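Q: Quick one: the structure is below, questions incoming.
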Amino acid sequence: DQPSLSDWMRRQRALRDLTQEALAEQVGCALQTIRAFENGWRRPSRPLAERLAAVLAIPQEEREAFLRAARAPLARPAAAAPTPEPQLPEDPAAYLARLAAEAQVELFGPEQQRWLERLEAELDAIRAALEWALAEDAPDQAGRVALALAASSAADRFWYGRGRQAEGLRWLERALDLADRKALAIEPVTVVAALRSAGWLAKLSGERPRAMALIHRCLALCREIGDRLGMSDALD
């Protein structure tokens, strides 16, 4: 018999000494999502399956077999699955908008530590909301991706302050890539802020070439829209 997605994930996690929590963080999804995949209750989208393959270090010659297992039909209807859904906020759009507005202020203020702890406690909800915002072919995709960019960049001090630079960078680059691929109409100032935060997080992660590419792209967009303050911030 061909190994199931559960078999693949458990085997590769053991080989790489990864907990479910660590895998969720590296892939950039909610812990409940990883548990649902391993229990056979849900299937990943093709892009998420490819990220799983990369993080789990599936050998190239076995990659197609893994992706087939990842996209195979569920053994039983999803409606019958006793899995808890990721804790998606009741109104994810409002949640991300509020996060974007408040985090960029509070993470620099006297309540910074309290906010770092609050966002850590809400991390699964943040991940679920970002996953919602970055769903492929979702309605109002430009609006959703703009919210993901704004919230992820506003929380850059959280990603850094909790040692989660790599995760924050993945969310930002995922949103930027989706915006590029779908040619979404997003306010340039939102993209500038996301590029600046992504470049900063890449630099802190020790990925200088990646950081420079993001900063150069940020500078080019700042020049295009005449954002002198943005250029100064990007070079800081």
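As shown in the structure tokens, the chain order sets the letters A, B, ...; within each chain, residues go from 1, and ligands are also counted from 1 in the order they appear.
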List every residue of segment 147-224 of chain A that DSSP, applied to the backbone of this structure, places in alpha helix (DSSP H), and write the result as a VMD selection string.

A: chain A and resid 147 to 154 156 to 161 165 to 181 188 to 204 208 to 224

Q: What's the separation between atom CA of Gln26 of chain A and atom CA of Trp171 of chain A, in Å to one decimal place?

A: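 Separation of atom CA of Gln26 of chain A and atom CA of Trp171 of chain A: 10.5 Å.
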
Q: So that I can see what lies close to Ala151 of chain A, please list as a ChimeraX atom specification the residues with an atom at most 7 Å from it, counting only C-alpha atoms and leaving out residues fewer than 2 positions away in the same chain.

A: /A:96-97,99-100,147-149,153-155

Q: Write out as an NGL selection string which residues come within 9 Å of Glu21 of chain A when counting only C-alpha atoms, dropping same-chain ones fewer than 5 positions away.

A: :A and (26 or 30-31 or 34)

Q: Atoms to include: all heavy atoms. Write the selected residues as an mmCIF file, in the first residue's frame.

A:
```cif
data_model
loop_
_atom_site.group_PDB
_atom_site.id
_atom_site.type_symbol
_atom_site.label_atom_id
_atom_site.label_comp_id
_atom_site.auth_asym_id
_atom_site.auth_seq_id
_atom_site.Cartn_x
_atom_site.Cartn_y
_atom_site.Cartn_z
ATOM 1 N N GLN A 26 6.852 26.493 11.149
ATOM 2 C CA GLN A 26 7.703 26.582 9.960
ATOM 3 C C GLN A 26 6.890 26.639 8.671
ATOM 4 O O GLN A 26 7.292 27.305 7.712
ATOM 5 C CB GLN A 26 8.681 25.406 9.915
ATOM 6 C CG GLN A 26 9.734 25.456 11.009
ATOM 7 C CD GLN A 26 10.810 24.407 10.840
ATOM 8 O OE1 GLN A 26 11.195 24.059 9.730
ATOM 9 N NE2 GLN A 26 11.296 23.883 11.958
ATOM 10 N N ALA A 30 -1.940 27.029 11.359
ATOM 11 C CA ALA A 30 -2.352 26.780 12.730
ATOM 12 C C ALA A 30 -2.007 25.354 13.152
ATOM 13 O O ALA A 30 -1.990 24.426 12.340
ATOM 14 C CB ALA A 30 -3.857 27.010 12.872
ATOM 15 N N LEU A 31 -1.735 25.176 14.453
ATOM 16 C CA LEU A 31 -1.437 23.846 14.986
ATOM 17 C C LEU A 31 -2.586 22.889 14.712
ATOM 18 O O LEU A 31 -2.362 21.720 14.356
ATOM 19 C CB LEU A 31 -1.167 23.956 16.492
ATOM 20 C CG LEU A 31 -1.017 22.639 17.262
ATOM 21 C CD1 LEU A 31 0.126 21.805 16.708
ATOM 22 C CD2 LEU A 31 -0.823 22.931 18.748
ATOM 23 N N ILE A 34 -2.344 21.228 11.282
ATOM 24 C CA ILE A 34 -1.390 20.110 11.205
ATOM 25 C C ILE A 34 -1.995 18.852 11.820
ATOM 26 O O ILE A 34 -1.892 17.750 11.261
ATOM 27 C CB ILE A 34 -0.071 20.477 11.900
ATOM 28 C CG1 ILE A 34 0.628 21.626 11.166
ATOM 29 C CG2 ILE A 34 0.854 19.262 11.991
ATOM 30 C CD1 ILE A 34 1.045 21.331 9.751
#
```

Q: Excluding segment 157-163 of chain A and its own-chain neighbours fewer than 2 positions away, which residues fall within 7 Å of it when counting only C-alpha atoms? Please give them as a ChimeraX atom specification.

A: /A:107,116,155,165,168

Q: Given the choices A:Ala150, A:Ala53, A:Val145, A:Cys29, which gets closest to Ala183 of chain A if the distance is worked out from only C-alpha atoms?

A: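 When distances to Ala183 of chain A are compared using only C-alpha atoms, the smallest one comes from A:Val145.
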
Q: Residues within 9 Å of Val191 of chain A, please, as an MDAnalysis selection string. Count only C-alpha atoms; anything in the same chain fewer than 4 positions from it doesn't count.

A: chainID A and resid 146 149:150 176 186:187 195:196 218 221

Q: Would you put the residues from that selection into a file with C-alpha atoms, as a short mmCIF file (atom, residue, chain, number, x, y, z; two decimals), in the first residue's frame?

A:
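Output file selection_28.cif is given in full below:
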```
data_model
loop_
_atom_site.label_atom_id
_atom_site.label_comp_id
_atom_site.auth_asym_id
_atom_site.auth_seq_id
_atom_site.Cartn_x
_atom_site.Cartn_y
_atom_site.Cartn_z
CA ALA A 146 -4.14 43.89 1.89
CA LEU A 149 0.01 42.52 4.53
CA ALA A 150 -1.02 45.27 6.95
CA LEU A 176 3.33 39.61 -1.49
CA ILE A 186 -3.36 47.05 -3.31
CA GLU A 187 -2.46 50.50 -1.98
CA LEU A 195 8.35 45.08 1.99
CA ARG A 196 10.13 47.13 4.66
CA CYS A 218 10.76 48.68 -1.36
CA LEU A 221 8.28 51.45 -5.08
#
```

Q: Tell me, as a PyMOL selection string, which residues lie within 10 Å of Leu178 of chain A, counting only C-alpha atoms; anything in the same chain fewer than 2 positions away does not count.

A: chain A and resi 134-137+141-142+145+172-176+180-184

Q: How would the residues just picked look written out with N, CA, C and O atoms as a PDB file, in the first residue's frame?

A:
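As a result, again10.pdb now contains:
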```
ATOM      1  N   LEU A 134      -5.398  34.631   2.989  1.00  0.00           N
ATOM      2  CA  LEU A 134      -4.533  34.246   1.870  1.00  0.00           C
ATOM      3  C   LEU A 134      -5.045  33.018   1.116  1.00  0.00           C
ATOM      4  O   LEU A 134      -4.303  32.398   0.375  1.00  0.00           O
ATOM      5  N   ALA A 135      -6.320  32.696   1.306  1.00  0.00           N
ATOM      6  CA  ALA A 135      -6.902  31.578   0.566  1.00  0.00           C
ATOM      7  C   ALA A 135      -6.897  31.886  -0.930  1.00  0.00           C
ATOM      8  O   ALA A 135      -7.207  32.998  -1.354  1.00  0.00           O
ATOM      9  N   GLU A 136      -6.520  30.888  -1.720  1.00  0.00           N
ATOM     10  CA  GLU A 136      -6.475  31.073  -3.173  1.00  0.00           C
ATOM     11  C   GLU A 136      -7.893  31.275  -3.718  1.00  0.00           C
ATOM     12  O   GLU A 136      -8.829  30.595  -3.321  1.00  0.00           O
ATOM     13  N   ASP A 137      -8.039  32.219  -4.632  1.00  0.00           N
ATOM     14  CA  ASP A 137      -9.306  32.470  -5.330  1.00  0.00           C
ATOM     15  C   ASP A 137     -10.464  32.808  -4.392  1.00  0.00           C
ATOM     16  O   ASP A 137     -11.622  32.473  -4.658  1.00  0.00           O
ATOM     17  N   GLN A 141     -10.381  39.234  -3.019  1.00  0.00           N
ATOM     18  CA  GLN A 141      -9.027  38.797  -2.701  1.00  0.00           C
ATOM     19  C   GLN A 141      -8.081  39.963  -2.423  1.00  0.00           C
ATOM     20  O   GLN A 141      -7.243  39.884  -1.521  1.00  0.00           O
ATOM     21  N   ALA A 142      -8.213  41.044  -3.167  1.00  0.00           N
ATOM     22  CA  ALA A 142      -7.334  42.190  -2.940  1.00  0.00           C
ATOM     23  C   ALA A 142      -7.511  42.729  -1.523  1.00  0.00           C
ATOM     24  O   ALA A 142      -6.527  43.053  -0.840  1.00  0.00           O
ATOM     25  N   VAL A 145      -5.897  40.199   1.012  1.00  0.00           N
ATOM     26  CA  VAL A 145      -4.434  40.204   0.980  1.00  0.00           C
ATOM     27  C   VAL A 145      -3.890  41.502   1.567  1.00  0.00           C
ATOM     28  O   VAL A 145      -2.876  41.503   2.276  1.00  0.00           O
ATOM     29  N   LEU A 172       4.485  37.393   5.261  1.00  0.00           N
ATOM     30  CA  LEU A 172       4.624  38.578   4.411  1.00  0.00           C
ATOM     31  C   LEU A 172       4.939  38.187   2.971  1.00  0.00           C
ATOM     32  O   LEU A 172       4.331  38.700   2.023  1.00  0.00           O
ATOM     33  N   GLU A 173       5.872  37.272   2.789  1.00  0.00           N
ATOM     34  CA  GLU A 173       6.244  36.883   1.428  1.00  0.00           C
ATOM     35  C   GLU A 173       5.122  36.109   0.747  1.00  0.00           C
ATOM     36  O   GLU A 173       4.937  36.229  -0.468  1.00  0.00           O
ATOM     37  N   ARG A 174       4.370  35.345   1.510  1.00  0.00           N
ATOM     38  CA  ARG A 174       3.217  34.650   0.936  1.00  0.00           C
ATOM     39  C   ARG A 174       2.199  35.643   0.404  1.00  0.00           C
ATOM     40  O   ARG A 174       1.668  35.508  -0.702  1.00  0.00           O
ATOM     41  N   ALA A 175       1.922  36.672   1.201  1.00  0.00           N
ATOM     42  CA  ALA A 175       0.946  37.684   0.787  1.00  0.00           C
ATOM     43  C   ALA A 175       1.472  38.492  -0.402  1.00  0.00           C
ATOM     44  O   ALA A 175       0.724  38.776  -1.353  1.00  0.00           O
ATOM     45  N   LEU A 176       2.734  38.858  -0.377  1.00  0.00           N
ATOM     46  CA  LEU A 176       3.330  39.607  -1.495  1.00  0.00           C
ATOM     47  C   LEU A 176       3.313  38.775  -2.772  1.00  0.00           C
ATOM     48  O   LEU A 176       3.012  39.285  -3.863  1.00  0.00           O
ATOM     49  N   ASP A 180       1.322  39.594  -6.245  1.00  0.00           N
ATOM     50  CA  ASP A 180       2.019  39.662  -7.536  1.00  0.00           C
ATOM     51  C   ASP A 180       1.402  38.715  -8.556  1.00  0.00           C
ATOM     52  O   ASP A 180       1.150  39.099  -9.704  1.00  0.00           O
ATOM     53  N   ARG A 181       1.174  37.467  -8.140  1.00  0.00           N
ATOM     54  CA  ARG A 181       0.656  36.463  -9.074  1.00  0.00           C
ATOM     55  C   ARG A 181      -0.716  36.826  -9.611  1.00  0.00           C
ATOM     56  O   ARG A 181      -1.031  36.574 -10.772  1.00  0.00           O
ATOM     57  N   LYS A 182      -1.553  37.409  -8.740  1.00  0.00           N
ATOM     58  CA  LYS A 182      -2.914  37.742  -9.144  1.00  0.00           C
ATOM     59  C   LYS A 182      -3.050  39.203  -9.595  1.00  0.00           C
ATOM     60  O   LYS A 182      -4.153  39.632  -9.930  1.00  0.00           O
ATOM     61  N   ALA A 183      -1.923  39.923  -9.627  1.00  0.00           N
ATOM     62  CA  ALA A 183      -1.934  41.342 -10.032  1.00  0.00           C
ATOM     63  C   ALA A 183      -3.027  42.095  -9.277  1.00  0.00           C
ATOM     64  O   ALA A 183      -3.837  42.830  -9.867  1.00  0.00           O
ATOM     65  N   LEU A 184      -3.039  41.936  -7.952  1.00  0.00           N
ATOM     66  CA  LEU A 184      -4.077  42.550  -7.129  1.00  0.00           C
ATOM     67  C   LEU A 184      -3.814  44.041  -6.937  1.00  0.00           C
ATOM     68  O   LEU A 184      -2.675  44.465  -6.774  1.00  0.00           O
TER      69      LEU A 184
END
```

Q: Could the residues of segment 37-116 of chain A that have an atom at most 12 Å from segment 127-131 of chain A be listed as a tab-separated table, each with its closest atom pair and the distance in Å to one decimal, counting only C-alpha atoms and ordered by chain and ascending residue number?

A:
```
residue	atom	partner	partner_atom	distance
A:Pro44	CA	A:Glu131	CA	11.8
A:Ser45	CA	A:Glu131	CA	11.3
A:Pro47	CA	A:Glu131	CA	11.9
A:Leu48	CA	A:Glu131	CA	10.2
A:Glu85	CA	A:Ala128	CA	9.3
A:Pro86	CA	A:Ala128	CA	6.0
A:Gln87	CA	A:Ala128	CA	6.4
A:Leu88	CA	A:Ala128	CA	5.2
A:Pro89	CA	A:Ala129	CA	6.7
A:Glu90	CA	A:Ala129	CA	9.6
A:Asp91	CA	A:Ala129	CA	8.9
A:Pro92	CA	A:Ala129	CA	5.3
A:Ala93	CA	A:Ala129	CA	7.8
A:Ala94	CA	A:Ala129	CA	9.9
A:Tyr95	CA	A:Ala129	CA	7.7
A:Leu96	CA	A:Ala129	CA	7.0
A:Ala97	CA	A:Ala129	CA	10.7
A:Arg98	CA	A:Ala129	CA	11.9
A:Leu99	CA	A:Ala129	CA	10.6
A:Ala100	CA	A:Leu130	CA	11.9
```

Q: Would you mind telling me which residue in A:Ala125, A:Arg164, A:Glu207, A:Met212 lies nearest to Gln32 of chain A when using only C-alpha atoms?

A: A:Ala125

Q: In terms of the shortest atom-to-atom distance over only C-alpha atoms, which of A:Thr190, A:Gln2, A:Ser232, A:Gln12 is closest to Ala69 of chain A?

A: A:Gln2

Q: Pick out the closest residue to Arg217 of chain A from this set: A:Ala133, A:Met231, A:Ala54, A:Ala179. Count only C-alpha atoms.

A: A:Met231
